[in-house]
file data_9.cif (mmCIF, C-alpha atoms, pLDDT in the B column; chains and numbers go by the auth columns)
data_work
loop_
_atom_site.group_PDB
_atom_site.id
_atom_site.type_symbol
_atom_site.label_atom_id
_atom_site.label_comp_id
_atom_site.label_asym_id
_atom_site.label_seq_id
_atom_site.Cartn_x
_atom_site.Cartn_y
_atom_site.Cartn_z
_atom_site.B_iso_or_equiv
_atom_site.auth_seq_id
_atom_site.auth_asym_id
ATOM 1 C CA MET A 1 -18.255 -36.793 18.921 71.00 1 A
ATOM 2 C CA SER A 2 -19.394 -34.273 21.515 82.00 2 A
ATOM 3 C CA ASP A 3 -20.958 -30.828 21.536 87.00 3 A
ATOM 4 C CA ALA A 4 -17.434 -29.436 21.877 94.00 4 A
ATOM 5 C CA ASP A 5 -16.738 -30.587 18.321 96.00 5 A
ATOM 6 C CA PHE A 6 -19.169 -27.932 17.127 97.00 6 A
ATOM 7 C CA ARG A 7 -17.470 -25.155 19.102 99.00 7 A
ATOM 8 C CA LEU A 8 -14.912 -22.644 17.859 99.00 8 A
ATOM 9 C CA ASP A 9 -13.812 -21.221 21.196 98.00 9 A
ATOM 10 C CA GLY A 10 -10.858 -18.901 20.754 97.00 10 A
ATOM 11 C CA LYS A 11 -10.550 -19.617 17.040 98.00 11 A
ATOM 12 C CA ARG A 12 -9.366 -16.628 15.027 99.00 12 A
ATOM 13 C CA THR A 13 -11.857 -16.426 12.159 99.00 13 A
ATOM 14 C CA VAL A 14 -12.106 -14.188 9.093 99.00 14 A
ATOM 15 C CA VAL A 15 -15.356 -13.874 7.132 99.00 15 A
ATOM 16 C CA THR A 16 -15.270 -11.877 3.895 99.00 16 A
ATOM 17 C CA GLY A 17 -18.336 -10.063 2.621 99.00 17 A
ATOM 18 C CA ALA A 18 -19.696 -10.165 6.157 99.00 18 A
ATOM 19 C CA ALA A 19 -21.429 -6.795 6.292 98.00 19 A
ATOM 20 C CA ARG A 20 -24.849 -8.188 5.392 97.00 20 A
ATOM 21 C CA GLY A 21 -26.808 -11.180 4.175 97.00 21 A
ATOM 22 C CA ILE A 22 -25.338 -14.658 4.338 99.00 22 A
ATOM 23 C CA GLY A 23 -21.910 -13.335 5.303 99.00 23 A
ATOM 24 C CA ARG A 24 -23.254 -11.488 8.316 99.00 24 A
ATOM 25 C CA ALA A 25 -25.268 -14.533 9.393 99.00 25 A
ATOM 26 C CA ILE A 26 -22.115 -16.641 9.158 99.00 26 A
ATOM 27 C CA ALA A 27 -20.103 -14.171 11.226 99.00 27 A
ATOM 28 C CA GLU A 28 -22.819 -14.058 13.884 99.00 28 A
ATOM 29 C CA ARG A 29 -23.183 -17.853 14.018 99.00 29 A
ATOM 30 C CA LEU A 30 -19.459 -18.500 14.314 99.00 30 A
ATOM 31 C CA ALA A 31 -19.210 -15.866 17.037 99.00 31 A
ATOM 32 C CA ARG A 32 -21.979 -17.615 18.983 99.00 32 A
ATOM 33 C CA ALA A 33 -19.902 -20.789 18.693 99.00 33 A
ATOM 34 C CA GLY A 34 -17.047 -18.976 20.418 99.00 34 A
ATOM 35 C CA ALA A 35 -14.990 -17.738 17.490 99.00 35 A
ATOM 36 C CA ASP A 36 -13.097 -14.455 17.574 98.00 36 A
ATOM 37 C CA VAL A 37 -14.446 -13.036 14.313 99.00 37 A
ATOM 38 C CA VAL A 38 -12.972 -10.528 11.904 99.00 38 A
ATOM 39 C CA VAL A 39 -15.766 -9.016 9.820 99.00 39 A
ATOM 40 C CA ALA A 40 -14.093 -8.164 6.507 99.00 40 A
ATOM 41 C CA ASP A 41 -15.918 -6.080 3.916 99.00 41 A
ATOM 42 C CA ARG A 42 -15.397 -3.108 1.627 98.00 42 A
ATOM 43 C CA ASP A 43 -18.530 -1.438 3.055 98.00 43 A
ATOM 44 C CA GLU A 44 -17.039 0.161 6.136 98.00 44 A
ATOM 45 C CA ALA A 45 -20.273 1.482 7.656 99.00 45 A
ATOM 46 C CA GLU A 46 -22.241 -1.760 7.337 99.00 46 A
ATOM 47 C CA GLY A 47 -19.233 -3.880 8.241 99.00 47 A
ATOM 48 C CA ALA A 48 -18.534 -1.935 11.411 99.00 48 A
ATOM 49 C CA ALA A 49 -22.215 -2.171 12.343 99.00 49 A
ATOM 50 C CA ALA A 50 -22.150 -5.951 11.862 99.00 50 A
ATOM 51 C CA ALA A 51 -19.112 -6.300 14.121 99.00 51 A
ATOM 52 C CA GLU A 52 -20.667 -4.012 16.732 99.00 52 A
ATOM 53 C CA ALA A 53 -23.851 -6.098 16.727 99.00 53 A
ATOM 54 C CA ILE A 54 -21.832 -9.240 17.435 99.00 54 A
ATOM 55 C CA VAL A 55 -20.051 -7.553 20.334 99.00 55 A
ATOM 56 C CA ASN A 56 -23.329 -6.210 21.719 99.00 56 A
ATOM 57 C CA ALA A 57 -24.691 -9.765 21.650 99.00 57 A
ATOM 58 C CA GLY A 58 -21.775 -10.945 23.784 99.00 58 A
ATOM 59 C CA GLY A 59 -19.466 -12.175 21.041 99.00 59 A
ATOM 60 C CA LYS A 60 -15.975 -11.192 19.970 99.00 60 A
ATOM 61 C CA ALA A 61 -15.618 -9.319 16.698 99.00 61 A
ATOM 62 C CA ALA A 62 -13.740 -6.555 14.953 98.00 62 A
ATOM 63 C CA PHE A 63 -14.147 -4.963 11.547 99.00 63 A
ATOM 64 C CA VAL A 64 -11.500 -4.602 8.880 99.00 64 A
ATOM 65 C CA ALA A 65 -11.882 -2.950 5.481 99.00 65 A
ATOM 66 C CA LEU A 66 -11.113 -5.411 2.689 99.00 66 A
ATOM 67 C CA ASP A 67 -11.438 -5.361 -1.093 99.00 67 A
ATOM 68 C CA VAL A 68 -11.047 -8.976 -2.188 99.00 68 A
ATOM 69 C CA THR A 69 -10.241 -7.926 -5.764 99.00 69 A
ATOM 70 C CA ASP A 70 -7.227 -5.872 -4.677 99.00 70 A
ATOM 71 C CA PRO A 71 -4.109 -7.998 -4.071 99.00 71 A
ATOM 72 C CA GLY A 72 -2.612 -5.198 -1.993 99.00 72 A
ATOM 73 C CA SER A 73 -5.666 -4.948 0.259 99.00 73 A
ATOM 74 C CA VAL A 74 -5.813 -8.718 0.732 99.00 74 A
ATOM 75 C CA ALA A 75 -2.089 -8.983 1.484 99.00 75 A
ATOM 76 C CA HIS A 76 -2.224 -6.075 3.944 99.00 76 A
ATOM 77 C CA VAL A 77 -5.132 -7.545 5.907 99.00 77 A
ATOM 78 C CA ALA A 78 -3.690 -11.067 5.924 99.00 78 A
ATOM 79 C CA GLU A 79 -0.238 -9.947 7.017 98.00 79 A
ATOM 80 C CA THR A 80 -1.559 -7.529 9.638 98.00 80 A
ATOM 81 C CA ILE A 81 -3.706 -10.223 11.245 98.00 81 A
ATOM 82 C CA HIS A 82 -0.851 -12.726 11.091 98.00 82 A
ATOM 83 C CA ARG A 83 1.609 -10.300 12.646 97.00 83 A
ATOM 84 C CA ARG A 84 -0.728 -9.499 15.526 95.00 84 A
ATOM 85 C CA HIS A 85 -2.367 -12.855 16.133 95.00 85 A
ATOM 86 C CA GLY A 86 -0.636 -15.551 14.096 96.00 86 A
ATOM 87 C CA ALA A 87 -2.281 -17.731 11.469 95.00 87 A
ATOM 88 C CA VAL A 88 -6.071 -17.616 11.338 98.00 88 A
ATOM 89 C CA ASP A 89 -7.870 -20.821 12.267 99.00 89 A
ATOM 90 C CA VAL A 90 -10.885 -20.364 10.005 99.00 90 A
ATOM 91 C CA LEU A 91 -11.345 -18.454 6.754 99.00 91 A
ATOM 92 C CA VAL A 92 -14.770 -18.094 5.151 99.00 92 A
ATOM 93 C CA ASN A 93 -14.633 -16.737 1.602 99.00 93 A
ATOM 94 C CA ASN A 94 -18.123 -15.324 1.180 99.00 94 A
ATOM 95 C CA ALA A 95 -17.774 -12.048 -0.749 98.00 95 A
ATOM 96 C CA GLY A 96 -19.628 -12.172 -4.052 97.00 96 A
ATOM 97 C CA ILE A 97 -21.876 -10.400 -6.541 96.00 97 A
ATOM 98 C CA VAL A 98 -24.120 -11.355 -9.457 96.00 98 A
ATOM 99 C CA ARG A 99 -24.850 -9.607 -12.747 95.00 99 A
ATOM 100 C CA ASN A 100 -27.873 -10.798 -14.709 94.00 100 A
ATOM 101 C CA ALA A 101 -27.518 -10.348 -18.464 96.00 101 A
ATOM 102 C CA PRO A 102 -27.765 -12.552 -21.568 97.00 102 A
ATOM 103 C CA ALA A 103 -24.309 -13.792 -22.522 98.00 103 A
ATOM 104 C CA ALA A 104 -24.544 -12.250 -25.992 98.00 104 A
ATOM 105 C CA GLU A 105 -25.234 -8.842 -24.459 98.00 105 A
ATOM 106 C CA MET A 106 -23.087 -8.908 -21.322 98.00 106 A
ATOM 107 C CA SER A 107 -20.368 -6.278 -21.203 98.00 107 A
ATOM 108 C CA LEU A 108 -16.801 -7.367 -20.659 98.00 108 A
ATOM 109 C CA GLU A 109 -16.722 -5.052 -17.650 98.00 109 A
ATOM 110 C CA ASP A 110 -19.632 -6.887 -16.013 98.00 110 A
ATOM 111 C CA TRP A 111 -18.096 -10.264 -16.844 99.00 111 A
ATOM 112 C CA LYS A 112 -14.786 -9.300 -15.272 99.00 112 A
ATOM 113 C CA SER A 113 -16.374 -7.756 -12.184 98.00 113 A
ATOM 114 C CA VAL A 114 -18.158 -11.010 -11.334 99.00 114 A
ATOM 115 C CA ILE A 115 -15.168 -13.233 -12.080 99.00 115 A
ATOM 116 C CA ASP A 116 -12.800 -10.934 -10.179 99.00 116 A
ATOM 117 C CA ILE A 117 -14.910 -10.898 -7.010 99.00 117 A
ATOM 118 C CA ASP A 118 -16.572 -14.308 -6.993 99.00 118 A
ATOM 119 C CA LEU A 119 -13.593 -16.383 -8.140 99.00 119 A
ATOM 120 C CA GLY A 120 -10.515 -14.159 -8.113 99.00 120 A
ATOM 121 C CA GLY A 121 -11.315 -12.883 -4.628 99.00 121 A
ATOM 122 C CA VAL A 122 -11.608 -16.415 -3.295 99.00 122 A
ATOM 123 C CA PHE A 123 -8.219 -17.303 -4.754 99.00 123 A
ATOM 124 C CA LEU A 124 -6.472 -14.176 -3.458 99.00 124 A
ATOM 125 C CA CYS A 125 -7.789 -14.652 0.084 99.00 125 A
ATOM 126 C CA ALA A 126 -7.196 -18.402 0.061 99.00 126 A
ATOM 127 C CA GLN A 127 -3.612 -17.830 -1.047 99.00 127 A
ATOM 128 C CA ALA A 128 -2.841 -14.992 1.376 99.00 128 A
ATOM 129 C CA PHE A 129 -4.347 -16.626 4.463 99.00 129 A
ATOM 130 C CA GLY A 130 -3.758 -20.204 3.367 99.00 130 A
ATOM 131 C CA ARG A 131 0.017 -19.927 3.230 98.00 131 A
ATOM 132 C CA HIS A 132 0.031 -19.092 6.940 98.00 132 A
ATOM 133 C CA MET A 133 -2.387 -21.918 7.703 99.00 133 A
ATOM 134 C CA VAL A 134 -0.104 -24.347 5.879 99.00 134 A
ATOM 135 C CA ALA A 135 2.937 -23.051 7.758 98.00 135 A
ATOM 136 C CA ALA A 136 1.073 -23.452 11.059 98.00 136 A
ATOM 137 C CA GLY A 137 -0.086 -26.948 10.111 99.00 137 A
ATOM 138 C CA ARG A 138 -3.755 -26.288 10.820 98.00 138 A
ATOM 139 C CA GLY A 139 -6.839 -24.484 9.609 99.00 139 A
ATOM 140 C CA ALA A 140 -10.258 -24.778 8.010 99.00 140 A
ATOM 141 C CA MET A 141 -11.342 -22.860 4.937 99.00 141 A
ATOM 142 C CA VAL A 142 -14.942 -22.664 3.742 99.00 142 A
ATOM 143 C CA ASN A 143 -15.751 -21.128 0.367 99.00 143 A
ATOM 144 C CA ILE A 144 -19.289 -19.980 -0.355 99.00 144 A
ATOM 145 C CA SER A 145 -20.240 -21.317 -3.756 99.00 145 A
ATOM 146 C CA SER A 146 -23.761 -21.818 -5.147 99.00 146 A
ATOM 147 C CA ILE A 147 -25.977 -24.397 -6.778 99.00 147 A
ATOM 148 C CA CYS A 148 -25.207 -22.309 -9.863 98.00 148 A
ATOM 149 C CA GLY A 149 -21.748 -23.851 -9.805 98.00 149 A
ATOM 150 C CA GLU A 150 -23.323 -27.294 -10.163 98.00 150 A
ATOM 151 C CA ILE A 151 -26.244 -26.735 -12.538 98.00 151 A
ATOM 152 C CA VAL A 152 -27.591 -23.978 -14.783 97.00 152 A
ATOM 153 C CA VAL A 153 -30.543 -22.414 -13.006 95.00 153 A
ATOM 154 C CA HIS A 154 -33.238 -20.511 -14.880 92.00 154 A
ATOM 155 C CA PRO A 155 -34.905 -18.342 -16.065 96.00 155 A
ATOM 156 C CA GLN A 156 -32.424 -15.588 -15.146 95.00 156 A
ATOM 157 C CA PRO A 157 -29.361 -15.303 -17.441 97.00 157 A
ATOM 158 C CA GLN A 158 -26.097 -15.212 -15.454 97.00 158 A
ATOM 159 C CA ALA A 159 -23.311 -16.989 -17.311 98.00 159 A
ATOM 160 C CA SER A 160 -20.599 -15.065 -15.466 99.00 160 A
ATOM 161 C CA TYR A 161 -21.914 -16.036 -12.026 98.00 161 A
ATOM 162 C CA ASN A 162 -22.364 -19.672 -13.021 99.00 162 A
ATOM 163 C CA ALA A 163 -18.832 -19.843 -14.410 99.00 163 A
ATOM 164 C CA ALA A 164 -17.344 -18.189 -11.328 99.00 164 A
ATOM 165 C CA LYS A 165 -19.091 -20.514 -8.885 99.00 165 A
ATOM 166 C CA ALA A 166 -18.140 -23.595 -10.906 99.00 166 A
ATOM 167 C CA GLY A 167 -14.581 -22.323 -10.638 99.00 167 A
ATOM 168 C CA VAL A 168 -14.944 -21.970 -6.872 99.00 168 A
ATOM 169 C CA ASN A 169 -15.949 -25.627 -6.631 99.00 169 A
ATOM 170 C CA LEU A 170 -12.885 -26.888 -8.489 99.00 170 A
ATOM 171 C CA LEU A 171 -10.608 -24.394 -6.735 99.00 171 A
ATOM 172 C CA THR A 172 -11.924 -25.769 -3.438 99.00 172 A
ATOM 173 C CA LYS A 173 -11.078 -29.326 -4.442 99.00 173 A
ATOM 174 C CA SER A 174 -7.665 -28.320 -5.803 99.00 174 A
ATOM 175 C CA LEU A 175 -6.662 -26.542 -2.600 99.00 175 A
ATOM 176 C CA ALA A 176 -8.031 -29.397 -0.494 99.00 176 A
ATOM 177 C CA VAL A 177 -5.771 -31.871 -2.278 99.00 177 A
ATOM 178 C CA GLU A 178 -2.720 -29.586 -2.175 99.00 178 A
ATOM 179 C CA TRP A 179 -3.052 -28.826 1.532 99.00 179 A
ATOM 180 C CA ALA A 180 -4.513 -32.072 2.894 99.00 180 A
ATOM 181 C CA GLN A 181 -1.230 -33.285 4.358 99.00 181 A
ATOM 182 C CA SER A 182 -0.532 -29.860 5.860 98.00 182 A
ATOM 183 C CA GLY A 183 -3.449 -30.055 8.280 98.00 183 A
ATOM 184 C CA VAL A 184 -5.572 -27.569 6.338 99.00 184 A
ATOM 185 C CA ARG A 185 -9.081 -28.557 5.265 99.00 185 A
ATOM 186 C CA VAL A 186 -10.833 -26.767 2.399 99.00 186 A
ATOM 187 C CA ASN A 187 -14.542 -27.200 1.690 99.00 187 A
ATOM 188 C CA ALA A 188 -17.395 -25.245 0.144 99.00 188 A
ATOM 189 C CA VAL A 189 -21.065 -24.629 0.821 99.00 189 A
ATOM 190 C CA ALA A 190 -23.389 -24.310 -2.176 99.00 190 A
ATOM 191 C CA PRO A 191 -26.601 -22.522 -1.180 99.00 191 A
ATOM 192 C CA GLY A 192 -29.789 -22.588 -3.169 98.00 192 A
ATOM 193 C CA TYR A 193 -32.141 -19.617 -3.064 97.00 193 A
ATOM 194 C CA VAL A 194 -31.821 -17.855 0.282 98.00 194 A
ATOM 195 C CA ALA A 195 -33.834 -14.986 1.758 96.00 195 A
ATOM 196 C CA THR A 196 -31.307 -12.191 1.359 94.00 196 A
ATOM 197 C CA GLU A 197 -31.812 -8.661 0.101 86.00 197 A
ATOM 198 C CA LEU A 198 -30.354 -9.654 -3.267 80.00 198 A
ATOM 199 C CA THR A 199 -32.582 -12.694 -3.754 86.00 199 A
ATOM 200 C CA LEU A 200 -35.714 -10.982 -2.496 80.00 200 A
ATOM 201 C CA ARG A 201 -35.358 -8.500 -5.345 78.00 201 A
ATOM 202 C CA GLY A 202 -36.404 -11.436 -7.489 75.00 202 A
ATOM 203 C CA ARG A 203 -39.922 -11.018 -6.132 78.00 203 A
ATOM 204 C CA SER A 204 -40.219 -8.051 -8.474 83.00 204 A
ATOM 205 C CA ASN A 205 -39.990 -10.543 -11.354 90.00 205 A
ATOM 206 C CA PRO A 206 -42.823 -13.050 -10.804 92.00 206 A
ATOM 207 C CA GLU A 207 -41.540 -15.378 -13.533 94.00 207 A
ATOM 208 C CA TRP A 208 -38.173 -15.717 -11.823 94.00 208 A
ATOM 209 C CA PHE A 209 -39.490 -16.100 -8.287 94.00 209 A
ATOM 210 C CA ASP A 210 -42.292 -18.505 -9.199 95.00 210 A
ATOM 211 C CA THR A 211 -39.798 -20.691 -11.077 96.00 211 A
ATOM 212 C CA TRP A 212 -37.386 -20.729 -8.137 96.00 212 A
ATOM 213 C CA MET A 213 -40.144 -21.840 -5.770 96.00 213 A
ATOM 214 C CA ARG A 214 -41.568 -24.416 -8.167 97.00 214 A
ATOM 215 C CA MET A 215 -38.114 -25.943 -8.631 97.00 215 A
ATOM 216 C CA THR A 216 -37.437 -26.092 -4.881 98.00 216 A
ATOM 217 C CA PRO A 217 -39.115 -29.193 -3.389 99.00 217 A
ATOM 218 C CA MET A 218 -39.363 -27.574 0.057 99.00 218 A
ATOM 219 C CA ARG A 219 -41.245 -24.666 -1.581 98.00 219 A
ATOM 220 C CA ARG A 220 -39.516 -21.952 0.393 97.00 220 A
ATOM 221 C CA LEU A 221 -36.398 -19.839 0.468 97.00 221 A
ATOM 222 C CA GLY A 222 -33.596 -20.879 2.747 98.00 222 A
ATOM 223 C CA GLU A 223 -32.679 -18.692 5.696 98.00 223 A
ATOM 224 C CA PRO A 224 -29.183 -17.183 6.032 99.00 224 A
ATOM 225 C CA GLY A 225 -28.847 -18.943 9.380 99.00 225 A
ATOM 226 C CA GLU A 226 -29.334 -22.315 7.700 99.00 226 A
ATOM 227 C CA ILE A 227 -26.331 -21.629 5.488 99.00 227 A
ATOM 228 C CA ALA A 228 -24.379 -20.411 8.516 99.00 228 A
ATOM 229 C CA ASN A 229 -25.045 -23.692 10.322 99.00 229 A
ATOM 230 C CA ALA A 230 -23.532 -25.622 7.414 99.00 230 A
ATOM 231 C CA VAL A 231 -20.481 -23.364 7.499 99.00 231 A
ATOM 232 C CA LEU A 232 -20.089 -23.926 11.237 99.00 232 A
ATOM 233 C CA PHE A 233 -20.077 -27.689 10.697 99.00 233 A
ATOM 234 C CA LEU A 234 -17.327 -27.463 8.072 99.00 234 A
ATOM 235 C CA ALA A 235 -15.306 -24.981 10.137 99.00 235 A
ATOM 236 C CA ALA A 236 -15.431 -27.012 13.344 99.00 236 A
ATOM 237 C CA ASP A 237 -13.750 -30.236 14.429 98.00 237 A
ATOM 238 C CA ALA A 238 -17.046 -32.046 13.831 99.00 238 A
ATOM 239 C CA SER A 239 -15.961 -32.289 10.177 99.00 239 A
ATOM 240 C CA SER A 240 -12.331 -33.196 10.869 99.00 240 A
ATOM 241 C CA TYR A 241 -12.231 -35.911 8.165 99.00 241 A
ATOM 242 C CA ILE A 242 -14.007 -33.841 5.511 99.00 242 A
ATOM 243 C CA THR A 243 -12.050 -31.928 2.879 99.00 243 A
ATOM 244 C CA GLY A 244 -12.607 -31.209 -0.800 99.00 244 A
ATOM 245 C CA THR A 245 -16.382 -31.408 -0.371 99.00 245 A
ATOM 246 C CA VAL A 246 -19.072 -29.095 -1.722 99.00 246 A
ATOM 247 C CA LEU A 247 -21.991 -29.236 0.718 99.00 247 A
ATOM 248 C CA THR A 248 -25.227 -28.324 -1.060 99.00 248 A
ATOM 249 C CA VAL A 249 -27.888 -26.574 1.034 99.00 249 A
ATOM 250 C CA ASP A 250 -30.770 -25.937 -1.340 99.00 250 A
ATOM 251 C CA GLY A 251 -34.077 -27.327 -0.087 99.00 251 A
ATOM 252 C CA GLY A 252 -33.798 -30.127 -2.625 99.00 252 A
ATOM 253 C CA TYR A 253 -33.419 -27.935 -5.733 98.00 253 A
ATOM 254 C CA THR A 254 -30.590 -29.936 -7.293 98.00 254 A
ATOM 255 C CA ALA A 255 -32.282 -33.260 -6.478 98.00 255 A
ATOM 256 C CA LEU A 256 -34.818 -32.764 -9.273 92.00 256 A
#
call {"tool": "encode", "arguments": {"input": "data_9.cif", "output": "C-alpha cells"}}
result
Amino acid sequence: MSDADFRLDGKRTVVTGAARGIGRAIAERLARAGADVVVADRDEAEGAAAAEAIVNAGGKAAFVALDVTDPGSVAHVAETIHRRHGAVDVLVNNAGIVRNAPAAEMSLEDWKSVIDIDLGGVFLCAQAFGRHMVAAGRGAMVNISSICGEIVVHPQPQASYNAAKAGVNLLTKSLAVEWAQSGVRVNAVAPGYVATELTLRGRSNPEWFDTWMRMTPMRRLGEPGEIANAVLFLAADASSYITGTVLTVDGGYTAL
C-alpha cells in the first residue's frame, strides 16, 4: 500500500447533502485528495457556495441542485452526469434530516419526511448512480449512517431517524452483496455525535448534551473532518477489499 492508494485523482465524485456540515467536509476532503466533486444539494445558495469554496482552494467542484426524495430529480442528475462524463467513480449518500418527537406523538408527516430522505433518498441515488457503476464494472459507494442505526441513543426521542439509519445499514450490506462481483463496493460510515450546526443545537438542552458527552469515552464531539477521513478511506483504493462494512466513528460511544 502506498500514499497513492488514498488518492482520488480524476475520480468523478458525487456527494449528496454537501452544502454544509458533514457533507461539505466530505466534499472538501475528497477534493483535496484529487477528486472532481459534484456538490449535490437542494439548497442552491449554500451548495453553490460550497462548490465555489472548493474551487477557490484549488480543487475541482461544481454544484447541482438535487432533491433526493424526488425520483425525477435523482434520475435527471444521474443521467445528465452519465451522459456528459460517464459513470461516476464515487457516490457519497450523505443527505439526511432528524425529527425529535416521542413515537406516540410523532406525526405521520414527520415520520415519512425522515424515512423518505434518510433511507428512501439513499436507495434512489444508489439505484440511479449504481446501475451505471455496475455497467462500468467499477465504483465505490459510501452511505452516511449513524450510531443510531446500531443502538438506541438517549435521551432524545427519534424513532424515525433510528429506523431509517438501521435501514441504511442493511441496504448497504444488501447492495454490497448484489454488486460485489460487478466491481462496485458499497460501505457505510456511522458517525457518533459530531460538531455540526444540527448537533450543536443540543447544547440548548443540557440534559441531552451532558448525556452525549458522558456516554462518549473520548468526552468530546467528533469533527466533520474526522468523518470525512473515514469516507476517503472507503472511497479510495486503500479499502479495495472492503465491502458491506459499516465503519463506526464515534469516539467510543458504542463500545460502552
call {"tool": "residues_around", "arguments": {"input": "data_9.cif", "residues": "Ile242 of chain A", "least_positions_apart": "5", "cutoff": "9 Å", "atoms": "all atoms listed in the file", "output": "list in words"}}
result
Arg185, Val186, Asn187 and Leu234 of chain A
call {"tool": "residues_around", "arguments": {"input": "data_9.cif", "residues": "Val114 of chain A", "least_positions_apart": "6", "cutoff": "12 Å", "atoms": "all atoms listed in the file", "output": "number ranges by chain"}}
result
A: 68-69, 95-101, 106-108, 120-122, 158-165, 167
call {"tool": "residues_around", "arguments": {"input": "data_9.cif", "residues": "segment 3-13 of chain A", "least_positions_apart": "4", "cutoff": "10 Å", "atoms": "all atoms listed in the file", "output": "VMD selection string"}}
result
chain A and resid 27 30 to 39 60 to 61 81 85 to 92 139 to 141 229 232 to 240
call {"tool": "resolve_selection", "arguments": {"input": "data_9.cif", "expression": "the PyMOL selection byres ((chain A and resi 228) around 8)", "output": "JSON, numbers by chain"}}
result
{"A": [22, 25, 26, 29, 30, 224, 225, 226, 227, 229, 230, 231, 232]}
call {"tool": "write_last_selection", "arguments": {"input": "data_9.cif", "atoms": "C-alpha atoms", "output": "PDB file, in the frame of the given file"}}
result
ATOM      1  CA  ILE A  22     -25.338 -14.658   4.338  1.00 99.00           C
ATOM      2  CA  ALA A  25     -25.268 -14.533   9.393  1.00 99.00           C
ATOM      3  CA  ILE A  26     -22.115 -16.641   9.158  1.00 99.00           C
ATOM      4  CA  ARG A  29     -23.183 -17.853  14.018  1.00 99.00           C
ATOM      5  CA  LEU A  30     -19.459 -18.500  14.314  1.00 99.00           C
ATOM      6  CA  PRO A 224     -29.183 -17.183   6.032  1.00 99.00           C
ATOM      7  CA  GLY A 225     -28.847 -18.943   9.380  1.00 99.00           C
ATOM      8  CA  GLU A 226     -29.334 -22.315   7.700  1.00 99.00           C
ATOM      9  CA  ILE A 227     -26.331 -21.629   5.488  1.00 99.00           C
ATOM     10  CA  ASN A 229     -25.045 -23.692  10.322  1.00 99.00           C
ATOM     11  CA  ALA A 230     -23.532 -25.622   7.414  1.00 99.00           C
ATOM     12  CA  VAL A 231     -20.481 -23.364   7.499  1.00 99.00           C
ATOM     13  CA  LEU A 232     -20.089 -23.926  11.237  1.00 99.00           C
TER      14      LEU A 232
END
call {"tool": "closest_residue", "arguments": {"input": "data_9.cif", "among": "A:Leu170, A:Val184, A:Ile54, A:Leu66", "to": "Arg42 of chain A", "atoms": "only C-alpha atoms"}}
result
A:Leu66
